[in-house]
Amino acid sequence: MAQRKLGRNASQRKALLRNQVTNLLYHGRIRTTEAKAKEIRKITEKVIAMAVREKDNYEEVTVTVKVPKKDSDGRRVKEKASGKTVTIYEEVEKTIKKDNPSRLHARRQMLKVLYPVTEVEGNKKRQAKKVDLPDKLFSEIAPKYTDRNGGYTRITKLGPRKGDAAEEVIIELV
C-alpha cells in the first residue's frame, strides 16, 4: 500500500506521523493539513481497532505489595535502626489487571506507534506524570467504539492556510 511522502525522508515522515497520531489520541482532535490527516487516519484506525478487539482481554489478580508507610503530609515514615535511617514498609493487597498474551501483544504494537506522553500540571516539572496511552485506549477510547465497525475518526475541512494555501483540516475522534 503506497503512502504519501509528505516532502520528508522515511525517518522524518515516520516521526511526524507517530507524533500526530499520539497527539490525536491524547487530545481527541488536532489541526493539520489534509494530506497528513489522511495518513494519520490510517494509522489511528488500526490502533483503535486493536484496542476495541482486546479491551476486555485481561484477568484481575489480587497481589500483596510492600508500600512505604506515609504520614498525614504524604511523606514516607522513617525510623532509625542500627545507625541508619530506614523507610518503614507495610503490606497492602492490590487488584491489578493482568493482560492475556494477545492483549499484551496489542499493547506492544501500540507502543511501537505511540510516543510516551508526560502530563505536567501548571509549571511544576517535579509533579509531571507519565500517561499510559495504551491503557487510556483500552479503558476510555475503546468502550465508546465497541458497537462501531471502523470509522473512528472524522476529517473536517477548514479551507486554505494563510501562509502557503495548503488545505487545512481538523481530524478528530468521532
# chains A, B, ... in the order shown; residues from 1 in each chain; ligands from 1
>>> select_by_dssp(residues="stretch 84-135 of chain A", states="strand (DSSP E)", output="count of residues only")
21
>>> residues_around(residues="stretch 129-137 of chain A", least_positions_apart="2", cutoff="9 Å", atoms="only C-alpha atoms", output="number ranges by chain")
A: 22, 25-26, 47-48, 51-52, 55, 106-108, 110-111, 114-121, 125-127, 139-143
>>> write_last_selection(atoms="C-alpha atoms", output="compact mmCIF listing (two decimals), in the first residue's frame")
# COMPACT_ATOMS: atom_id res chain seq x y z
CA THR A 22 -0.09 10.31 19.63
CA LEU A 25 -5.33 10.08 20.69
CA TYR A 26 -4.25 12.19 23.67
CA VAL A 47 -4.60 1.32 16.65
CA ILE A 48 -8.18 1.93 17.83
CA ALA A 51 -7.84 -1.57 21.33
CA VAL A 52 -11.51 -2.40 20.65
CA LYS A 55 -10.26 -4.21 25.58
CA ALA A 106 -1.60 -5.41 21.10
CA ARG A 107 -0.20 -3.11 23.82
CA ARG A 108 3.33 -3.56 22.47
CA MET A 110 0.57 0.32 20.09
CA LEU A 111 3.77 1.33 21.83
CA LEU A 114 2.76 5.93 20.07
CA TYR A 115 5.28 8.22 21.74
CA PRO A 116 5.46 8.41 25.57
CA VAL A 117 3.37 11.29 26.94
CA THR A 118 4.10 13.20 30.15
CA GLU A 119 1.48 15.41 31.71
CA VAL A 120 2.77 18.50 33.51
CA GLU A 121 0.33 20.39 35.71
CA LYS A 125 8.15 19.70 36.44
CA ARG A 126 8.60 17.68 39.62
CA GLN A 127 4.93 16.70 39.58
CA SER A 139 -10.22 1.84 29.19
CA GLU A 140 -11.57 5.15 27.79
CA ILE A 141 -11.49 5.20 23.99
CA ALA A 142 -12.26 1.56 23.05
CA PRO A 143 -15.53 1.24 25.08
>>> closest_residue(among="A:Tyr58, A:Gly28, A:Gly150, A:Thr87", to="A:Lys70", atoms="only C-alpha atoms")
A:Thr87
>>> residues_around(residues="A:Ala37", least_positions_apart="2", cutoff="9 Å", atoms="only C-alpha atoms", output="number ranges by chain")
A: 20, 31-35, 39-42, 155, 169-171
>>> write_last_selection(atoms="C-alpha atoms", output="PDB file, in the first residue's frame")
ATOM      1  CA  GLN A  20       0.473  13.364  15.133  1.00  0.00           C
ATOM      2  CA  ARG A  31      -5.444  20.686  13.256  1.00  0.00           C
ATOM      3  CA  THR A  32      -3.213  19.739  10.327  1.00  0.00           C
ATOM      4  CA  THR A  33      -3.060  19.581   6.524  1.00  0.00           C
ATOM      5  CA  GLU A  34      -5.355  17.320   4.523  1.00  0.00           C
ATOM      6  CA  ALA A  35      -2.581  15.045   3.224  1.00  0.00           C
ATOM      7  CA  GLU A  39      -2.165   9.360   6.564  1.00  0.00           C
ATOM      8  CA  ILE A  40      -2.820   9.833  10.294  1.00  0.00           C
ATOM      9  CA  ARG A  41      -6.308   8.392   9.868  1.00  0.00           C
ATOM     10  CA  LYS A  42      -4.952   5.077   8.510  1.00  0.00           C
ATOM     11  CA  ILE A 155     -11.909  14.917   8.949  1.00  0.00           C
ATOM     12  CA  VAL A 169      -8.423  20.242   8.258  1.00  0.00           C
ATOM     13  CA  ILE A 170      -9.394  19.197  11.760  1.00  0.00           C
ATOM     14  CA  ILE A 171      -9.105  15.478  12.390  1.00  0.00           C
TER      15      ILE A 171
END
>>> closest_residue(among="A:Thr44, A:Thr95, A:Ser82, A:Asn23", to="A:Thr62", atoms="only C-alpha atoms")
A:Thr95
>>> residues_around(residues="A:Asn100", least_positions_apart="2", cutoff="8 Å", atoms="only C-alpha atoms", output="ChimeraX atom specification")
/A:57-59,98,102-104
>>> write_last_selection(atoms="N, CA and C atoms", output="mmCIF file, in the first residue's frame")
data_model
loop_
_atom_site.group_PDB
_atom_site.id
_atom_site.type_symbol
_atom_site.label_atom_id
_atom_site.label_comp_id
_atom_site.auth_asym_id
_atom_site.auth_seq_id
_atom_site.Cartn_x
_atom_site.Cartn_y
_atom_site.Cartn_z
ATOM 1 N N ASN A 57 -9.784 -8.276 27.331
ATOM 2 C CA ASN A 57 -8.968 -9.478 27.347
ATOM 3 C C ASN A 57 -7.905 -9.424 28.459
ATOM 4 N N TYR A 58 -8.360 -9.437 29.726
ATOM 5 C CA TYR A 58 -7.439 -9.415 30.854
ATOM 6 C C TYR A 58 -8.048 -10.172 32.034
ATOM 7 N N GLU A 59 -7.204 -10.478 33.012
ATOM 8 C CA GLU A 59 -7.659 -11.113 34.249
ATOM 9 C C GLU A 59 -7.348 -10.164 35.395
ATOM 10 N N LYS A 98 -4.107 -8.143 34.750
ATOM 11 C CA LYS A 98 -3.028 -8.904 34.116
ATOM 12 C C LYS A 98 -3.442 -9.179 32.677
ATOM 13 N N SER A 102 -2.556 -12.019 23.998
ATOM 14 C CA SER A 102 -2.927 -11.256 22.800
ATOM 15 C C SER A 102 -3.084 -9.762 23.115
ATOM 16 N N ARG A 103 -3.558 -9.439 24.323
ATOM 17 C CA ARG A 103 -3.694 -8.032 24.713
ATOM 18 C C ARG A 103 -2.309 -7.427 24.940
ATOM 19 N N LEU A 104 -1.412 -8.194 25.529
ATOM 20 C CA LEU A 104 -0.047 -7.730 25.741
ATOM 21 C C LEU A 104 0.616 -7.433 24.399
#
>>> atom_distance(atom1="atom CA of A:Ile43", atom2="atom CA of A:Glu167")
20.5 Å
>>> select_by_dssp(residues="chain A", states="helix (DSSP H, G or I)", output="PDB file with N, CA and C atoms, in the first residue's frame")
ATOM      1  N   ALA A  10      12.130   9.015   4.999  1.00  0.00           N
ATOM      2  CA  ALA A  10      11.368   7.992   5.713  1.00  0.00           C
ATOM      3  C   ALA A  10      11.362   8.180   7.228  1.00  0.00           C
ATOM      4  N   SER A  11      12.521   8.466   7.826  1.00  0.00           N
ATOM      5  CA  SER A  11      12.582   8.582   9.285  1.00  0.00           C
ATOM      6  C   SER A  11      11.820   9.813   9.778  1.00  0.00           C
ATOM      7  N   GLN A  12      11.942  10.923   9.062  1.00  0.00           N
ATOM      8  CA  GLN A  12      11.217  12.143   9.451  1.00  0.00           C
ATOM      9  C   GLN A  12       9.716  11.940   9.308  1.00  0.00           C
ATOM     10  N   ARG A  13       9.312  11.268   8.227  1.00  0.00           N
ATOM     11  CA  ARG A  13       7.888  11.015   7.974  1.00  0.00           C
ATOM     12  C   ARG A  13       7.308  10.138   9.073  1.00  0.00           C
ATOM     13  N   LYS A  14       8.042   9.082   9.439  1.00  0.00           N
ATOM     14  CA  LYS A  14       7.575   8.171  10.482  1.00  0.00           C
ATOM     15  C   LYS A  14       7.436   8.917  11.810  1.00  0.00           C
ATOM     16  N   ALA A  15       8.424   9.756  12.141  1.00  0.00           N
ATOM     17  CA  ALA A  15       8.392  10.532  13.385  1.00  0.00           C
ATOM     18  C   ALA A  15       7.209  11.491  13.398  1.00  0.00           C
ATOM     19  N   LEU A  16       6.983  12.166  12.277  1.00  0.00           N
ATOM     20  CA  LEU A  16       5.881  13.116  12.168  1.00  0.00           C
ATOM     21  C   LEU A  16       4.540  12.411  12.382  1.00  0.00           C
ATOM     22  N   LEU A  17       4.339  11.283  11.704  1.00  0.00           N
ATOM     23  CA  LEU A  17       3.071  10.569  11.800  1.00  0.00           C
ATOM     24  C   LEU A  17       2.857  10.011  13.202  1.00  0.00           C
ATOM     25  N   ARG A  18       3.926   9.475  13.834  1.00  0.00           N
ATOM     26  CA  ARG A  18       3.807   8.962  15.202  1.00  0.00           C
ATOM     27  C   ARG A  18       3.403  10.082  16.149  1.00  0.00           C
ATOM     28  N   ASN A  19       4.033  11.240  15.978  1.00  0.00           N
ATOM     29  CA  ASN A  19       3.742  12.392  16.829  1.00  0.00           C
ATOM     30  C   ASN A  19       2.287  12.836  16.659  1.00  0.00           C
ATOM     31  N   GLN A  20       1.837  12.926  15.415  1.00  0.00           N
ATOM     32  CA  GLN A  20       0.473  13.364  15.133  1.00  0.00           C
ATOM     33  C   GLN A  20      -0.553  12.372  15.690  1.00  0.00           C
ATOM     34  N   VAL A  21      -0.308  11.066  15.500  1.00  0.00           N
ATOM     35  CA  VAL A  21      -1.233  10.036  15.998  1.00  0.00           C
ATOM     36  C   VAL A  21      -1.293  10.092  17.519  1.00  0.00           C
ATOM     37  N   THR A  22      -0.132  10.223  18.167  1.00  0.00           N
ATOM     38  CA  THR A  22      -0.093  10.311  19.629  1.00  0.00           C
ATOM     39  C   THR A  22      -0.907  11.502  20.115  1.00  0.00           C
ATOM     40  N   ASN A  23      -0.721  12.661  19.488  1.00  0.00           N
ATOM     41  CA  ASN A  23      -1.449  13.858  19.889  1.00  0.00           C
ATOM     42  C   ASN A  23      -2.942  13.735  19.621  1.00  0.00           C
ATOM     43  N   LEU A  24      -3.311  13.103  18.518  1.00  0.00           N
ATOM     44  CA  LEU A  24      -4.730  12.907  18.215  1.00  0.00           C
ATOM     45  C   LEU A  24      -5.391  12.056  19.290  1.00  0.00           C
ATOM     46  N   LEU A  25      -4.744  10.959  19.683  1.00  0.00           N
ATOM     47  CA  LEU A  25      -5.331  10.076  20.692  1.00  0.00           C
ATOM     48  C   LEU A  25      -5.323  10.716  22.077  1.00  0.00           C
ATOM     49  N   TYR A  26      -4.324  11.539  22.365  1.00  0.00           N
ATOM     50  CA  TYR A  26      -4.245  12.185  23.673  1.00  0.00           C
ATOM     51  C   TYR A  26      -5.242  13.332  23.810  1.00  0.00           C
ATOM     52  N   HIS A  27      -5.313  14.193  22.774  1.00  0.00           N
ATOM     53  CA  HIS A  27      -6.166  15.380  22.847  1.00  0.00           C
ATOM     54  C   HIS A  27      -7.562  15.171  22.273  1.00  0.00           C
ATOM     55  N   GLU A  34      -4.503  18.414   4.985  1.00  0.00           N
ATOM     56  CA  GLU A  34      -5.355  17.320   4.523  1.00  0.00           C
ATOM     57  C   GLU A  34      -4.545  16.057   4.226  1.00  0.00           C
ATOM     58  N   ALA A  35      -3.407  16.203   3.573  1.00  0.00           N
ATOM     59  CA  ALA A  35      -2.581  15.045   3.224  1.00  0.00           C
ATOM     60  C   ALA A  35      -2.107  14.313   4.481  1.00  0.00           C
ATOM     61  N   LYS A  36      -1.634  15.091   5.476  1.00  0.00           N
ATOM     62  CA  LYS A  36      -1.188  14.473   6.730  1.00  0.00           C
ATOM     63  C   LYS A  36      -2.349  13.789   7.433  1.00  0.00           C
ATOM     64  N   ALA A  37      -3.506  14.437   7.450  1.00  0.00           N
ATOM     65  CA  ALA A  37      -4.677  13.885   8.139  1.00  0.00           C
ATOM     66  C   ALA A  37      -5.083  12.537   7.558  1.00  0.00           C
ATOM     67  N   LYS A  38      -5.014  12.403   6.235  1.00  0.00           N
ATOM     68  CA  LYS A  38      -5.398  11.144   5.596  1.00  0.00           C
ATOM     69  C   LYS A  38      -4.424  10.020   5.961  1.00  0.00           C
ATOM     70  N   GLU A  39      -3.150  10.357   6.136  1.00  0.00           N
ATOM     71  CA  GLU A  39      -2.165   9.360   6.564  1.00  0.00           C
ATOM     72  C   GLU A  39      -2.345   9.021   8.039  1.00  0.00           C
ATOM     73  N   ILE A  40      -2.607  10.040   8.856  1.00  0.00           N
ATOM     74  CA  ILE A  40      -2.820   9.833  10.294  1.00  0.00           C
ATOM     75  C   ILE A  40      -4.027   8.932  10.517  1.00  0.00           C
ATOM     76  N   ARG A  41      -5.069   9.161   9.732  1.00  0.00           N
ATOM     77  CA  ARG A  41      -6.308   8.392   9.868  1.00  0.00           C
ATOM     78  C   ARG A  41      -6.043   6.892   9.732  1.00  0.00           C
ATOM     79  N   LYS A  42      -5.233   6.497   8.734  1.00  0.00           N
ATOM     80  CA  LYS A  42      -4.952   5.077   8.510  1.00  0.00           C
ATOM     81  C   LYS A  42      -4.360   4.421   9.757  1.00  0.00           C
ATOM     82  N   ILE A  43      -3.367   5.092  10.337  1.00  0.00           N
ATOM     83  CA  ILE A  43      -2.667   4.539  11.497  1.00  0.00           C
ATOM     84  C   ILE A  43      -3.585   4.521  12.716  1.00  0.00           C
ATOM     85  N   THR A  44      -4.289   5.622  12.939  1.00  0.00           N
ATOM     86  CA  THR A  44      -5.168   5.741  14.106  1.00  0.00           C
ATOM     87  C   THR A  44      -6.274   4.699  14.080  1.00  0.00           C
ATOM     88  N   GLU A  45      -6.871   4.484  12.914  1.00  0.00           N
ATOM     89  CA  GLU A  45      -7.949   3.491  12.800  1.00  0.00           C
ATOM     90  C   GLU A  45      -7.450   2.105  13.199  1.00  0.00           C
ATOM     91  N   LYS A  46      -6.232   1.751  12.770  1.00  0.00           N
ATOM     92  CA  LYS A  46      -5.674   0.439  13.109  1.00  0.00           C
ATOM     93  C   LYS A  46      -5.433   0.306  14.607  1.00  0.00           C
ATOM     94  N   VAL A  47      -4.892   1.351  15.216  1.00  0.00           N
ATOM     95  CA  VAL A  47      -4.599   1.320  16.652  1.00  0.00           C
ATOM     96  C   VAL A  47      -5.890   1.205  17.466  1.00  0.00           C
ATOM     97  N   ILE A  48      -6.911   1.977  17.096  1.00  0.00           N
ATOM     98  CA  ILE A  48      -8.176   1.929  17.829  1.00  0.00           C
ATOM     99  C   ILE A  48      -8.863   0.583  17.625  1.00  0.00           C
ATOM    100  N   ALA A  49      -8.810   0.045  16.410  1.00  0.00           N
ATOM    101  CA  ALA A  49      -9.408  -1.271  16.140  1.00  0.00           C
ATOM    102  C   ALA A  49      -8.750  -2.341  17.014  1.00  0.00           C
ATOM    103  N   MET A  50      -7.430  -2.247  17.185  1.00  0.00           N
ATOM    104  CA  MET A  50      -6.711  -3.180  18.058  1.00  0.00           C
ATOM    105  C   MET A  50      -7.197  -3.056  19.500  1.00  0.00           C
ATOM    106  N   ALA A  51      -7.382  -1.815  19.958  1.00  0.00           N
ATOM    107  CA  ALA A  51      -7.842  -1.567  21.329  1.00  0.00           C
ATOM    108  C   ALA A  51      -9.253  -2.104  21.536  1.00  0.00           C
ATOM    109  N   VAL A  52     -10.129  -1.914  20.546  1.00  0.00           N
ATOM    110  CA  VAL A  52     -11.508  -2.404  20.647  1.00  0.00           C
ATOM    111  C   VAL A  52     -11.525  -3.927  20.720  1.00  0.00           C
ATOM    112  N   ARG A  53     -10.682  -4.560  19.914  1.00  0.00           N
ATOM    113  CA  ARG A  53     -10.625  -6.018  19.871  1.00  0.00           C
ATOM    114  C   ARG A  53     -10.159  -6.608  21.202  1.00  0.00           C
ATOM    115  N   GLU A  54      -9.212  -5.958  21.858  1.00  0.00           N
ATOM    116  CA  GLU A  54      -8.576  -6.537  23.052  1.00  0.00           C
ATOM    117  C   GLU A  54      -8.970  -5.875  24.365  1.00  0.00           C
ATOM    118  N   PRO A 101      -2.034 -12.877  26.742  1.00  0.00           N
ATOM    119  CA  PRO A 101      -0.972 -12.716  25.735  1.00  0.00           C
ATOM    120  C   PRO A 101      -1.353 -11.862  24.527  1.00  0.00           C
ATOM    121  N   SER A 102      -2.556 -12.019  23.998  1.00  0.00           N
ATOM    122  CA  SER A 102      -2.927 -11.256  22.800  1.00  0.00           C
ATOM    123  C   SER A 102      -3.084  -9.762  23.115  1.00  0.00           C
ATOM    124  N   ARG A 103      -3.558  -9.439  24.323  1.00  0.00           N
ATOM    125  CA  ARG A 103      -3.694  -8.032  24.713  1.00  0.00           C
ATOM    126  C   ARG A 103      -2.309  -7.427  24.940  1.00  0.00           C
ATOM    127  N   LEU A 104      -1.412  -8.194  25.529  1.00  0.00           N
ATOM    128  CA  LEU A 104      -0.047  -7.730  25.741  1.00  0.00           C
ATOM    129  C   LEU A 104       0.616  -7.433  24.399  1.00  0.00           C
ATOM    130  N   HIS A 105       0.386  -8.322  23.421  1.00  0.00           N
ATOM    131  CA  HIS A 105       0.932  -8.109  22.078  1.00  0.00           C
ATOM    132  C   HIS A 105       0.361  -6.824  21.474  1.00  0.00           C
ATOM    133  N   ALA A 106      -0.952  -6.620  21.629  1.00  0.00           N
ATOM    134  CA  ALA A 106      -1.596  -5.409  21.105  1.00  0.00           C
ATOM    135  C   ALA A 106      -1.002  -4.168  21.772  1.00  0.00           C
ATOM    136  N   ARG A 107      -0.790  -4.229  23.085  1.00  0.00           N
ATOM    137  CA  ARG A 107      -0.202  -3.109  23.823  1.00  0.00           C
ATOM    138  C   ARG A 107       1.186  -2.769  23.261  1.00  0.00           C
ATOM    139  N   ARG A 108       1.981  -3.799  22.993  1.00  0.00           N
ATOM    140  CA  ARG A 108       3.331  -3.562  22.474  1.00  0.00           C
ATOM    141  C   ARG A 108       3.297  -3.036  21.039  1.00  0.00           C
ATOM    142  N   GLN A 109       2.326  -3.484  20.249  1.00  0.00           N
ATOM    143  CA  GLN A 109       2.160  -2.954  18.889  1.00  0.00           C
ATOM    144  C   GLN A 109       1.796  -1.473  18.952  1.00  0.00           C
ATOM    145  N   MET A 110       0.937  -1.093  19.922  1.00  0.00           N
ATOM    146  CA  MET A 110       0.571   0.316  20.090  1.00  0.00           C
ATOM    147  C   MET A 110       1.787   1.145  20.483  1.00  0.00           C
ATOM    148  N   LEU A 111       2.589   0.596  21.380  1.00  0.00           N
ATOM    149  CA  LEU A 111       3.767   1.331  21.834  1.00  0.00           C
ATOM    150  C   LEU A 111       4.797   1.522  20.728  1.00  0.00           C
ATOM    151  N   LYS A 112       4.756   0.674  19.674  1.00  0.00           N
ATOM    152  CA  LYS A 112       5.620   0.875  18.515  1.00  0.00           C
ATOM    153  C   LYS A 112       5.229   2.142  17.763  1.00  0.00           C
ATOM    154  N   VAL A 113       3.946   2.496  17.807  1.00  0.00           N
ATOM    155  CA  VAL A 113       3.436   3.662  17.078  1.00  0.00           C
ATOM    156  C   VAL A 113       3.414   4.908  17.953  1.00  0.00           C
ATOM    157  N   LYS A 125       7.571  20.863  37.116  1.00  0.00           N
ATOM    158  CA  LYS A 125       8.150  19.700  36.439  1.00  0.00           C
ATOM    159  C   LYS A 125       8.299  18.510  37.369  1.00  0.00           C
ATOM    160  N   ARG A 126       8.419  18.773  38.658  1.00  0.00           N
ATOM    161  CA  ARG A 126       8.601  17.677  39.615  1.00  0.00           C
ATOM    162  C   ARG A 126       7.338  16.832  39.713  1.00  0.00           C
ATOM    163  N   GLN A 127       6.185  17.432  39.458  1.00  0.00           N
ATOM    164  CA  GLN A 127       4.930  16.700  39.576  1.00  0.00           C
ATOM    165  C   GLN A 127       4.439  16.175  38.231  1.00  0.00           C
ATOM    166  N   LEU A 133      -0.771   5.699  27.495  1.00  0.00           N
ATOM    167  CA  LEU A 133      -1.707   5.833  26.374  1.00  0.00           C
ATOM    168  C   LEU A 133      -2.383   4.516  25.981  1.00  0.00           C
ATOM    169  N   PRO A 134      -1.666   3.380  25.938  1.00  0.00           N
ATOM    170  CA  PRO A 134      -2.380   2.139  25.630  1.00  0.00           C
ATOM    171  C   PRO A 134      -3.489   1.838  26.640  1.00  0.00           C
ATOM    172  N   ASP A 135      -3.234   2.142  27.918  1.00  0.00           N
ATOM    173  CA  ASP A 135      -4.262   1.928  28.939  1.00  0.00           C
ATOM    174  C   ASP A 135      -5.443   2.867  28.708  1.00  0.00           C
ATOM    175  N   LYS A 136      -5.165   4.112  28.325  1.00  0.00           N
ATOM    176  CA  LYS A 136      -6.233   5.062  28.005  1.00  0.00           C
ATOM    177  C   LYS A 136      -7.047   4.549  26.815  1.00  0.00           C
ATOM    178  N   LEU A 137      -6.361   3.982  25.834  1.00  0.00           N
ATOM    179  CA  LEU A 137      -7.052   3.408  24.676  1.00  0.00           C
ATOM    180  C   LEU A 137      -7.979   2.277  25.095  1.00  0.00           C
ATOM    181  N   PHE A 138      -7.457   1.356  25.924  1.00  0.00           N
ATOM    182  CA  PHE A 138      -8.252   0.202  26.353  1.00  0.00           C
ATOM    183  C   PHE A 138      -9.423   0.614  27.245  1.00  0.00           C
ATOM    184  N   SER A 139      -9.198   1.542  28.184  1.00  0.00           N
ATOM    185  CA  SER A 139     -10.223   1.836  29.188  1.00  0.00           C
ATOM    186  C   SER A 139     -11.174   2.975  28.827  1.00  0.00           C
ATOM    187  N   GLU A 140     -10.714   3.993  28.084  1.00  0.00           N
ATOM    188  CA  GLU A 140     -11.572   5.145  27.792  1.00  0.00           C
ATOM    189  C   GLU A 140     -12.063   5.185  26.342  1.00  0.00           C
ATOM    190  N   ILE A 141     -11.137   5.015  25.400  1.00  0.00           N
ATOM    191  CA  ILE A 141     -11.494   5.203  23.988  1.00  0.00           C
ATOM    192  C   ILE A 141     -12.211   3.989  23.405  1.00  0.00           C
ATOM    193  N   ALA A 142     -11.675   2.779  23.634  1.00  0.00           N
ATOM    194  CA  ALA A 142     -12.263   1.561  23.047  1.00  0.00           C
ATOM    195  C   ALA A 142     -13.715   1.303  23.450  1.00  0.00           C
ATOM    196  N   PRO A 143     -14.120   1.501  24.731  1.00  0.00           N
ATOM    197  CA  PRO A 143     -15.527   1.239  25.077  1.00  0.00           C
ATOM    198  C   PRO A 143     -16.534   2.085  24.296  1.00  0.00           C
ATOM    199  N   LYS A 144     -16.118   3.285  23.840  1.00  0.00           N
ATOM    200  CA  LYS A 144     -17.022   4.122  23.042  1.00  0.00           C
ATOM    201  C   LYS A 144     -17.328   3.496  21.685  1.00  0.00           C
TER     202      LYS A 144
END
>>> closest_residue(among="A:Glu172, A:Glu79, A:Glu91, A:Asp99", to="A:Val61", atoms="only C-alpha atoms")
A:Asp99
